[in-house]
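See below for protein_12.csv, which holds CSV, C-alpha atoms and all ligand atoms.
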chain,number,residue,atom,x,y,z
A,1,MET,CA,131.2,65.2,55.2
A,2,GLY,CA,128.4,67.7,55.2
A,3,ASP,CA,126.7,68.6,51.9
A,4,ALA,CA,129.7,67.3,49.9
A,5,ALA,CA,128.8,63.8,51.2
A,6,GLY,CA,125.1,64.2,50.5
A,7,LEU,CA,124.3,64.7,54.1
A,8,GLY,CA,121.2,66.9,53.7
A,9,LEU,CA,117.6,66.2,54.2
A,10,ASN,CA,114.3,67.9,53.3
A,11,MET,CA,111.9,66.8,56.0
A,12,LEU,CA,109.0,68.7,54.5
A,13,VAL,CA,108.6,71.1,57.5
A,14,THR,CA,112.3,71.8,57.8
A,15,VAL,CA,115.6,71.5,55.8
A,16,ARG,CA,118.3,69.8,57.7
A,17,GLY,CA,122.0,69.8,57.0
A,18,MET,CA,123.9,72.2,59.3
A,19,GLU,CA,124.0,69.8,62.2
A,20,TYR,CA,125.0,67.0,59.9
A,21,ALA,CA,127.9,69.1,58.6
A,22,MET,CA,129.1,69.8,62.1
A,23,ALA,CA,128.6,66.3,63.4
A,24,SER,CA,130.2,64.6,60.4
A,25,GLY,CA,133.1,67.1,60.6
A,26,LEU,CA,133.6,66.1,64.2
A,27,LEU,CA,133.6,62.4,63.4
A,28,ALA,CA,136.1,63.1,60.6
A,29,GLY,CA,138.3,65.0,63.0
A,30,ARG,CA,138.2,62.2,65.5
A,31,THR,CA,139.2,59.7,62.8
A,32,ILE,CA,142.1,61.9,61.7
A,33,LYS,CA,143.3,62.3,65.3
A,34,MET,CA,143.2,58.5,65.8
A,35,ALA,CA,145.1,58.0,62.5
A,36,LYS,CA,147.7,60.5,63.5
A,37,GLU,CA,148.2,58.9,66.9
A,38,LYS,CA,148.7,55.5,65.2
A,39,ASN,CA,150.7,57.2,62.4
A,40,ASP,CA,148.6,55.1,60.1
A,41,PHE,CA,146.6,56.8,57.3
A,42,SER,CA,145.6,53.6,55.5
A,43,ALA,CA,142.2,53.1,54.0
A,44,SER,CA,141.5,50.6,56.7
A,45,THR,CA,142.2,53.0,59.5
A,46,LEU,CA,140.4,55.9,57.9
A,47,SER,CA,137.3,53.6,57.4
A,48,HIS,CA,136.8,54.3,61.1
A,49,TYR,CA,135.0,57.4,59.8
A,50,ASP,CA,132.4,55.2,58.0
A,51,ARG,CA,131.8,53.2,61.1
A,52,LEU,CA,131.3,56.3,63.2
A,53,LEU,CA,129.0,57.8,60.6
A,54,ASN,CA,126.9,54.6,60.4
A,55,GLU,CA,126.5,54.5,64.1
A,56,SER,CA,125.6,58.2,64.4
A,57,PHE,CA,122.2,59.9,64.4
A,58,ILE,CA,122.9,61.1,60.9
A,59,THR,CA,122.7,57.7,59.2
A,60,LYS,CA,119.8,56.7,61.3
A,61,GLU,CA,117.9,59.9,60.3
A,62,MET,CA,118.9,59.4,56.6
A,63,ASN,CA,117.4,55.9,56.8
A,64,ASN,CA,114.3,57.0,58.7
A,65,TYR,CA,113.6,59.7,56.0
A,66,GLN,CA,114.7,57.8,52.9
A,67,ASN,CA,111.2,57.9,51.4
A,68,THR,CA,110.8,61.6,51.9
A,69,LEU,CA,111.8,62.6,48.3
A,70,SER,CA,109.1,60.4,46.8
A,71,VAL,CA,106.5,61.9,49.2
A,72,LEU,CA,107.6,65.4,48.3
A,73,GLU,CA,106.7,64.7,44.7
A,74,ASN,CA,103.1,64.7,45.7
A,75,GLU,CA,101.8,68.1,44.5
A,76,GLY,CA,98.9,67.9,46.8
A,77,LEU,CA,101.2,68.7,49.7
A,78,PHE,CA,101.8,72.2,48.2
A,79,SER,CA,98.4,73.0,46.8
A,80,LYS,CA,95.4,70.8,47.8
A,81,TYR,CA,96.1,70.3,51.4
A,82,PRO,CA,97.3,73.8,52.4
A,83,GLN,CA,94.3,75.2,50.5
A,84,ALA,CA,91.9,72.8,52.3
A,85,ILE,CA,93.3,73.9,55.7
A,86,SER,CA,93.1,77.5,54.7
A,87,ASN,CA,89.5,77.0,53.6
A,88,LEU,CA,88.7,75.4,56.9
A,89,PHE,CA,90.1,78.3,58.9
A,90,GLU,CA,88.4,80.8,56.7
A,91,LYS,CA,85.0,79.1,57.3
A,92,VAL,CA,85.6,78.9,61.0
A,93,MET,CA,87.0,82.5,61.5
A,94,SER,CA,85.1,84.6,59.0
A,95,VAL,CA,82.0,86.5,59.9
A,96,ASP,CA,79.2,87.8,57.7
A,97,GLU,CA,75.5,88.6,57.9
A,98,ASN,CA,74.6,84.9,58.0
A,99,PRO,CA,74.2,83.0,61.3
A,100,LYS,CA,77.2,80.6,62.0
A,101,GLU,CA,76.4,77.0,62.3
A,102,GLY,CA,78.0,74.9,65.1
A,103,LEU,CA,81.8,74.6,65.1
A,104,TYR,CA,81.7,70.8,64.9
A,105,GLN,CA,79.3,70.9,61.9
A,106,THR,CA,81.5,73.4,60.1
A,107,ILE,CA,84.7,71.5,60.7
A,108,PHE,CA,83.1,68.1,59.8
A,109,ARG,CA,81.6,69.4,56.6
A,110,GLU,CA,84.9,71.0,55.5
A,111,LEU,CA,86.9,67.9,56.3
A,112,LYS,CA,84.4,65.7,54.6
A,113,LYS,CA,84.5,67.9,51.5
A,114,ASP,CA,88.3,67.9,51.1
A,115,PHE,CA,89.6,64.9,52.9
A,116,PHE,CA,87.0,62.0,52.8
A,117,ASN,CA,87.9,60.6,49.4
A,118,PHE,CA,90.0,57.9,47.9
A,119,GLN,CA,92.8,60.2,46.8
A,120,THR,CA,93.3,61.4,50.4
A,121,PHE,CA,93.4,57.9,51.6
A,122,LYS,CA,96.1,57.0,49.0
A,123,ASP,CA,98.1,60.1,50.0
A,124,TRP,CA,97.7,59.2,53.7
A,125,LEU,CA,99.2,55.8,53.0
A,126,GLN,CA,102.1,57.5,51.2
A,127,PHE,CA,102.6,60.1,54.0
A,128,ARG,CA,103.0,57.3,56.5
A,129,LYS,CA,106.3,56.5,54.8
A,130,MET,CA,107.8,59.7,56.1
A,201,LIG,C1,117.7,77.4,51.1
A,201,LIG,C2,118.4,76.5,52.1
A,201,LIG,C3,117.9,76.5,53.4
A,201,LIG,C4,118.5,75.6,54.3
A,201,LIG,N1,117.9,75.6,55.6
A,201,LIG,C5,118.5,74.9,56.5
A,201,LIG,C6,118.0,74.9,57.9
A,201,LIG,O1,117.0,75.6,58.2
A,201,LIG,N2,118.6,74.1,58.8
A,201,LIG,C7,119.7,73.3,58.5
A,201,LIG,O2,120.2,72.6,59.3
A,201,LIG,N3,120.2,73.3,57.2
A,201,LIG,C8,119.6,74.1,56.2
A,201,LIG,N4,120.1,74.0,55.0
A,201,LIG,C9,121.3,73.2,54.6
A,201,LIG,C10,122.6,73.7,55.2
A,201,LIG,O3,122.7,75.1,54.8
A,201,LIG,C11,123.7,72.9,54.6
A,201,LIG,O4,123.4,71.5,54.8
A,201,LIG,C12,125.0,73.2,55.3
A,201,LIG,O5,125.3,74.6,55.2
A,201,LIG,C13,126.1,72.3,54.8
A,201,LIG,O6,127.4,72.7,55.3
A,201,LIG,P1,128.7,72.3,54.6
A,201,LIG,O7,129.8,72.9,55.5
A,201,LIG,O8,128.7,70.8,54.3
A,201,LIG,O9,128.7,73.0,53.2
A,201,LIG,P2,128.7,74.6,52.8
A,201,LIG,O10,128.0,75.4,53.9
A,201,LIG,O11,128.2,74.6,51.4
A,201,LIG,O12,130.2,75.0,52.9
A,201,LIG,C14,131.1,74.6,51.9
A,201,LIG,C15,132.1,75.7,51.8
A,201,LIG,O13,133.1,75.3,50.9
A,201,LIG,C16,133.4,76.3,50.0
A,201,LIG,N5,134.1,75.7,48.8
A,201,LIG,C17,133.5,75.0,47.8
A,201,LIG,N6,134.4,74.6,47.0
A,201,LIG,C18,135.6,75.1,47.4
A,201,LIG,C19,136.9,75.0,46.9
A,201,LIG,N7,137.2,74.3,45.8
A,201,LIG,N8,137.9,75.6,47.6
A,201,LIG,C20,137.6,76.3,48.8
A,201,LIG,N9,136.4,76.4,49.3
A,201,LIG,C21,135.4,75.8,48.6
A,201,LIG,C22,132.1,77.0,49.7
A,201,LIG,O14,132.2,78.3,49.2
A,201,LIG,C23,131.4,76.9,51.1
A,201,LIG,O15,131.7,78.1,51.8
A,201,LIG,C24,119.6,74.9,54.0
A,201,LIG,C25,120.1,74.9,52.7
A,201,LIG,C26,119.5,75.7,51.8
A,201,LIG,C27,120.1,75.8,50.4
Write out the structure in this file as structure tokens.
Ligand SMILES: Cc1cc2nc3c(=O)[nH]c(=O)nc-3n(C[C@H](O)[C@H](O)[C@H](O)COP(=O)(O)OP(=O)(O)OC[C@H]3O[C@@H](n4cnc5c(N)ncnc54)[C@H](O)[C@@H]3O)c2cc1C
Amino acid sequence: MGDAAGLGLNMLVTVRGMEYAMASGLLAGRTIKMAKEKNDFSASTLSHYDRLLNESFITKEMNNYQNTLSVLENEGLFSKYPQAISNLFEKVMSVDENPKEGLYQTIFRELKKDFFNFQTFKDWLQFRKM
């Protein structure tokens, strides 16, 4: 159960594992209680834990996010895209002696510069797997 069973997940915006540790511990406890009541600690009885785990939100989330690790290998997630968003906000928020152009024009130009290209399209297809 928990981390010892590999029940941890990096979902990019958050790391998950505490609730998996608690929930899988609860399922293990239920299985042990059932085995004790039957006085049967055979592999077959204890496999009840596998069944409970497979039916739980834990396994469903593990399956839903199974491609996350390959997506996280995309370095653009940690450099290009945060930088592009930071540039966009800098352009929108900063003030100098020059007149500011329209908000829509600024945003469109910045998005076009950083996001309208083949690499971003490829990345987007990859991000959809998350
Ligand atoms: C940097 C970081 C950030 C994280 N952020 C989040 C978050 O925001 N949200 C979230 O849900 N999860 C987060 N996690 C994951 C989460 O911390 C773990 O998934 C969770 O603590 C796992 O609980 P566990 O009980 O399975 O294992 P652990 O918390 O590792 O507990 C295992 C315990 O067993 C002890 N132990 C090991 N071997 C022995 C031994 N031989 N004898 C006796 N004791 C032993 C260890 O000392 C430890 O106290 C994060 C993890 C990291 C590393």
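Separating CA of Arg109 (chain A) from CA of Trp124 (chain A) is a distance of 19.3 Å.
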So which residues are near ligand LIG 201 (chain A), meaning at most 9 Å away with all atoms listed in the file counted, given back as an mmCIF file with C-alpha atoms, keeping the file's coordinate frame?
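What ended up in result15.cif:
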data_model
loop_
_atom_site.group_PDB
_atom_site.id
_atom_site.type_symbol
_atom_site.label_atom_id
_atom_site.label_comp_id
_atom_site.auth_asym_id
_atom_site.auth_seq_id
_atom_site.Cartn_x
_atom_site.Cartn_y
_atom_site.Cartn_z
ATOM 1 C CA MET A 1 131.200 65.200 55.200
ATOM 2 C CA GLY A 2 128.400 67.700 55.200
ATOM 3 C CA ASP A 3 126.700 68.600 51.900
ATOM 4 C CA ALA A 4 129.700 67.300 49.900
ATOM 5 C CA ALA A 5 128.800 63.800 51.200
ATOM 6 C CA GLY A 6 125.100 64.200 50.500
ATOM 7 C CA LEU A 7 124.300 64.700 54.100
ATOM 8 C CA GLY A 8 121.200 66.900 53.700
ATOM 9 C CA LEU A 9 117.600 66.200 54.200
ATOM 10 C CA ASN A 10 114.300 67.900 53.300
ATOM 11 C CA THR A 14 112.300 71.800 57.800
ATOM 12 C CA VAL A 15 115.600 71.500 55.800
ATOM 13 C CA ARG A 16 118.300 69.800 57.700
ATOM 14 C CA GLY A 17 122.000 69.800 57.000
ATOM 15 C CA MET A 18 123.900 72.200 59.300
ATOM 16 C CA GLU A 19 124.000 69.800 62.200
ATOM 17 C CA TYR A 20 125.000 67.000 59.900
ATOM 18 C CA ALA A 21 127.900 69.100 58.600
ATOM 19 C CA MET A 22 129.100 69.800 62.100
ATOM 20 C CA SER A 24 130.200 64.600 60.400
ATOM 21 C CA GLY A 25 133.100 67.100 60.600
#
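The space between CA of Glu90 (chain A) and CA of Leu77 (chain A) spans 19.0 Å.
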Computed interatomic separation between CA of Leu88 (chain A) and CA of Glu110 (chain A) (Å):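 That distance, rounded to one decimal, is 6.0 Å.
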Distance criterion (all atoms listed in the file): nearest to Ser56 (chain A) out of A:Lys38, A:Phe127, A:Ile85, A:Leu26: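 Closest to Ser56 (chain A) of all the choices is A:Leu26.
With distances taken over all atoms listed in the file, A:Leu27 is the one residue among A:Leu27, A:Leu125, A:Ser70, A:Glu101 lying closest to Glu55 (chain A).
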Polymer residues at most 12 Å from Thr120 (chain A), all atoms listed in the file, same-chain spacing of 6 or more positions, as a list in words: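 My list of contacting residues is Asn74, Gly76, Leu77, Lys80, Tyr81, Ala84, Leu111, Lys112, Lys113, Asp114, Gln126 and Phe127 of chain A.
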Which residue of A:Leu69, A:Val92, A:Asp40, A:Gly29 approaches Phe108 (chain A) most closely, using all atoms listed in the file: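 Smallest distance to Phe108 (chain A) is found for A:Val92.
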Region 24-58 of chain A rebuilt with N, CA and C atoms, output as a PDB file, in the coordinates of the input:
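What follows is the written file selection37.pdb:
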ATOM      1  N   SER A  24     129.339  65.438  61.239  1.00  0.00           N
ATOM      2  CA  SER A  24     130.200  64.600  60.400  1.00  0.00           C
ATOM      3  C   SER A  24     131.626  65.160  60.393  1.00  0.00           C
ATOM      4  N   GLY A  25     131.765  66.493  60.498  1.00  0.00           N
ATOM      5  CA  GLY A  25     133.100  67.100  60.600  1.00  0.00           C
ATOM      6  C   GLY A  25     133.795  66.658  61.879  1.00  0.00           C
ATOM      7  N   LEU A  26     133.021  66.600  62.956  1.00  0.00           N
ATOM      8  CA  LEU A  26     133.600  66.100  64.200  1.00  0.00           C
ATOM      9  C   LEU A  26     134.060  64.695  64.132  1.00  0.00           C
ATOM     10  N   LEU A  27     133.255  63.855  63.496  1.00  0.00           N
ATOM     11  CA  LEU A  27     133.600  62.400  63.400  1.00  0.00           C
ATOM     12  C   LEU A  27     134.879  62.291  62.472  1.00  0.00           C
ATOM     13  N   ALA A  28     134.943  63.121  61.429  1.00  0.00           N
ATOM     14  CA  ALA A  28     136.100  63.100  60.600  1.00  0.00           C
ATOM     15  C   ALA A  28     137.365  63.523  61.356  1.00  0.00           C
ATOM     16  N   GLY A  29     137.187  64.561  62.189  1.00  0.00           N
ATOM     17  CA  GLY A  29     138.300  65.000  63.000  1.00  0.00           C
ATOM     18  C   GLY A  29     138.783  63.972  63.979  1.00  0.00           C
ATOM     19  N   ARG A  30     137.834  63.263  64.581  1.00  0.00           N
ATOM     20  CA  ARG A  30     138.200  62.200  65.500  1.00  0.00           C
ATOM     21  C   ARG A  30     138.997  61.097  64.781  1.00  0.00           C
ATOM     22  N   THR A  31     138.544  60.800  63.572  1.00  0.00           N
ATOM     23  CA  THR A  31     139.200  59.700  62.800  1.00  0.00           C
ATOM     24  C   THR A  31     140.639  60.164  62.441  1.00  0.00           C
ATOM     25  N   ILE A  32     140.783  61.420  62.037  1.00  0.00           N
ATOM     26  CA  ILE A  32     142.100  61.900  61.700  1.00  0.00           C
ATOM     27  C   ILE A  32     143.042  61.901  62.918  1.00  0.00           C
ATOM     28  N   LYS A  33     142.480  62.295  64.053  1.00  0.00           N
ATOM     29  CA  LYS A  33     143.300  62.300  65.300  1.00  0.00           C
ATOM     30  C   LYS A  33     143.758  60.876  65.616  1.00  0.00           C
ATOM     31  N   MET A  34     142.830  59.916  65.478  1.00  0.00           N
ATOM     32  CA  MET A  34     143.200  58.500  65.800  1.00  0.00           C
ATOM     33  C   MET A  34     144.279  58.040  64.794  1.00  0.00           C
ATOM     34  N   ALA A  35     144.110  58.383  63.510  1.00  0.00           N
ATOM     35  CA  ALA A  35     145.100  58.000  62.500  1.00  0.00           C
ATOM     36  C   ALA A  35     146.463  58.575  62.806  1.00  0.00           C
ATOM     37  N   LYS A  36     146.450  59.845  63.230  1.00  0.00           N
ATOM     38  CA  LYS A  36     147.700  60.500  63.500  1.00  0.00           C
ATOM     39  C   LYS A  36     148.400  59.864  64.735  1.00  0.00           C
ATOM     40  N   GLU A  37     147.605  59.521  65.749  1.00  0.00           N
ATOM     41  CA  GLU A  37     148.200  58.900  66.900  1.00  0.00           C
ATOM     42  C   GLU A  37     148.826  57.525  66.563  1.00  0.00           C
ATOM     43  N   LYS A  38     148.172  56.826  65.628  1.00  0.00           N
ATOM     44  CA  LYS A  38     148.700  55.500  65.200  1.00  0.00           C
ATOM     45  C   LYS A  38     149.771  55.689  64.099  1.00  0.00           C
ATOM     46  N   ASN A  39     149.847  56.907  63.576  1.00  0.00           N
ATOM     47  CA  ASN A  39     150.700  57.200  62.400  1.00  0.00           C
ATOM     48  C   ASN A  39     150.343  56.205  61.265  1.00  0.00           C
ATOM     49  N   ASP A  40     149.046  56.017  61.087  1.00  0.00           N
ATOM     50  CA  ASP A  40     148.600  55.100  60.100  1.00  0.00           C
ATOM     51  C   ASP A  40     147.392  55.701  59.352  1.00  0.00           C
ATOM     52  N   PHE A  41     147.627  56.096  58.115  1.00  0.00           N
ATOM     53  CA  PHE A  41     146.600  56.800  57.300  1.00  0.00           C
ATOM     54  C   PHE A  41     146.056  55.857  56.232  1.00  0.00           C
ATOM     55  N   SER A  42     146.103  54.559  56.484  1.00  0.00           N
ATOM     56  CA  SER A  42     145.600  53.600  55.500  1.00  0.00           C
ATOM     57  C   SER A  42     144.114  53.665  55.369  1.00  0.00           C
ATOM     58  N   ALA A  43     143.613  53.114  54.259  1.00  0.00           N
ATOM     59  CA  ALA A  43     142.200  53.100  54.000  1.00  0.00           C
ATOM     60  C   ALA A  43     141.453  52.385  55.166  1.00  0.00           C
ATOM     61  N   SER A  44     142.098  51.338  55.647  1.00  0.00           N
ATOM     62  CA  SER A  44     141.500  50.600  56.700  1.00  0.00           C
ATOM     63  C   SER A  44     141.302  51.410  57.977  1.00  0.00           C
ATOM     64  N   THR A  45     142.325  52.167  58.349  1.00  0.00           N
ATOM     65  CA  THR A  45     142.200  53.000  59.500  1.00  0.00           C
ATOM     66  C   THR A  45     141.205  54.143  59.314  1.00  0.00           C
ATOM     67  N   LEU A  46     141.267  54.752  58.133  1.00  0.00           N
ATOM     68  CA  LEU A  46     140.400  55.900  57.900  1.00  0.00           C
ATOM     69  C   LEU A  46     138.902  55.420  57.707  1.00  0.00           C
ATOM     70  N   SER A  47     138.701  54.105  57.467  1.00  0.00           N
ATOM     71  CA  SER A  47     137.300  53.600  57.400  1.00  0.00           C
ATOM     72  C   SER A  47     136.604  53.701  58.722  1.00  0.00           C
ATOM     73  N   HIS A  48     137.359  54.026  59.760  1.00  0.00           N
ATOM     74  CA  HIS A  48     136.800  54.300  61.100  1.00  0.00           C
ATOM     75  C   HIS A  48     135.686  55.364  60.954  1.00  0.00           C
ATOM     76  N   TYR A  49     135.933  56.318  60.059  1.00  0.00           N
ATOM     77  CA  TYR A  49     135.000  57.400  59.800  1.00  0.00           C
ATOM     78  C   TYR A  49     133.615  56.815  59.369  1.00  0.00           C
ATOM     79  N   ASP A  50     133.654  55.853  58.436  1.00  0.00           N
ATOM     80  CA  ASP A  50     132.400  55.200  58.000  1.00  0.00           C
ATOM     81  C   ASP A  50     131.660  54.561  59.109  1.00  0.00           C
ATOM     82  N   ARG A  51     132.436  53.890  59.949  1.00  0.00           N
ATOM     83  CA  ARG A  51     131.800  53.200  61.100  1.00  0.00           C
ATOM     84  C   ARG A  51     131.135  54.215  62.025  1.00  0.00           C
ATOM     85  N   LEU A  52     131.885  55.283  62.344  1.00  0.00           N
ATOM     86  CA  LEU A  52     131.300  56.300  63.200  1.00  0.00           C
ATOM     87  C   LEU A  52     130.064  56.922  62.636  1.00  0.00           C
ATOM     88  N   LEU A  53     130.136  57.180  61.331  1.00  0.00           N
ATOM     89  CA  LEU A  53     129.000  57.800  60.600  1.00  0.00           C
ATOM     90  C   LEU A  53     127.780  56.852  60.663  1.00  0.00           C
ATOM     91  N   ASN A  54     128.034  55.576  60.388  1.00  0.00           N
ATOM     92  CA  ASN A  54     126.900  54.600  60.400  1.00  0.00           C
ATOM     93  C   ASN A  54     126.272  54.438  61.731  1.00  0.00           C
ATOM     94  N   GLU A  55     127.055  54.639  62.781  1.00  0.00           N
ATOM     95  CA  GLU A  55     126.500  54.500  64.100  1.00  0.00           C
ATOM     96  C   GLU A  55     125.841  55.790  64.627  1.00  0.00           C
ATOM     97  N   SER A  56     126.025  56.861  63.888  1.00  0.00           N
ATOM     98  CA  SER A  56     125.600  58.200  64.400  1.00  0.00           C
ATOM     99  C   SER A  56     124.094  58.419  64.069  1.00  0.00           C
ATOM    100  N   PHE A  57     123.549  59.473  64.703  1.00  0.00           N
ATOM    101  CA  PHE A  57     122.200  59.900  64.400  1.00  0.00           C
ATOM    102  C   PHE A  57     121.978  60.255  62.964  1.00  0.00           C
ATOM    103  N   ILE A  58     123.063  60.664  62.303  1.00  0.00           N
ATOM    104  CA  ILE A  58     122.900  61.100  60.900  1.00  0.00           C
ATOM    105  C   ILE A  58     122.439  60.007  60.014  1.00  0.00           C
TER     106      ILE A  58
END
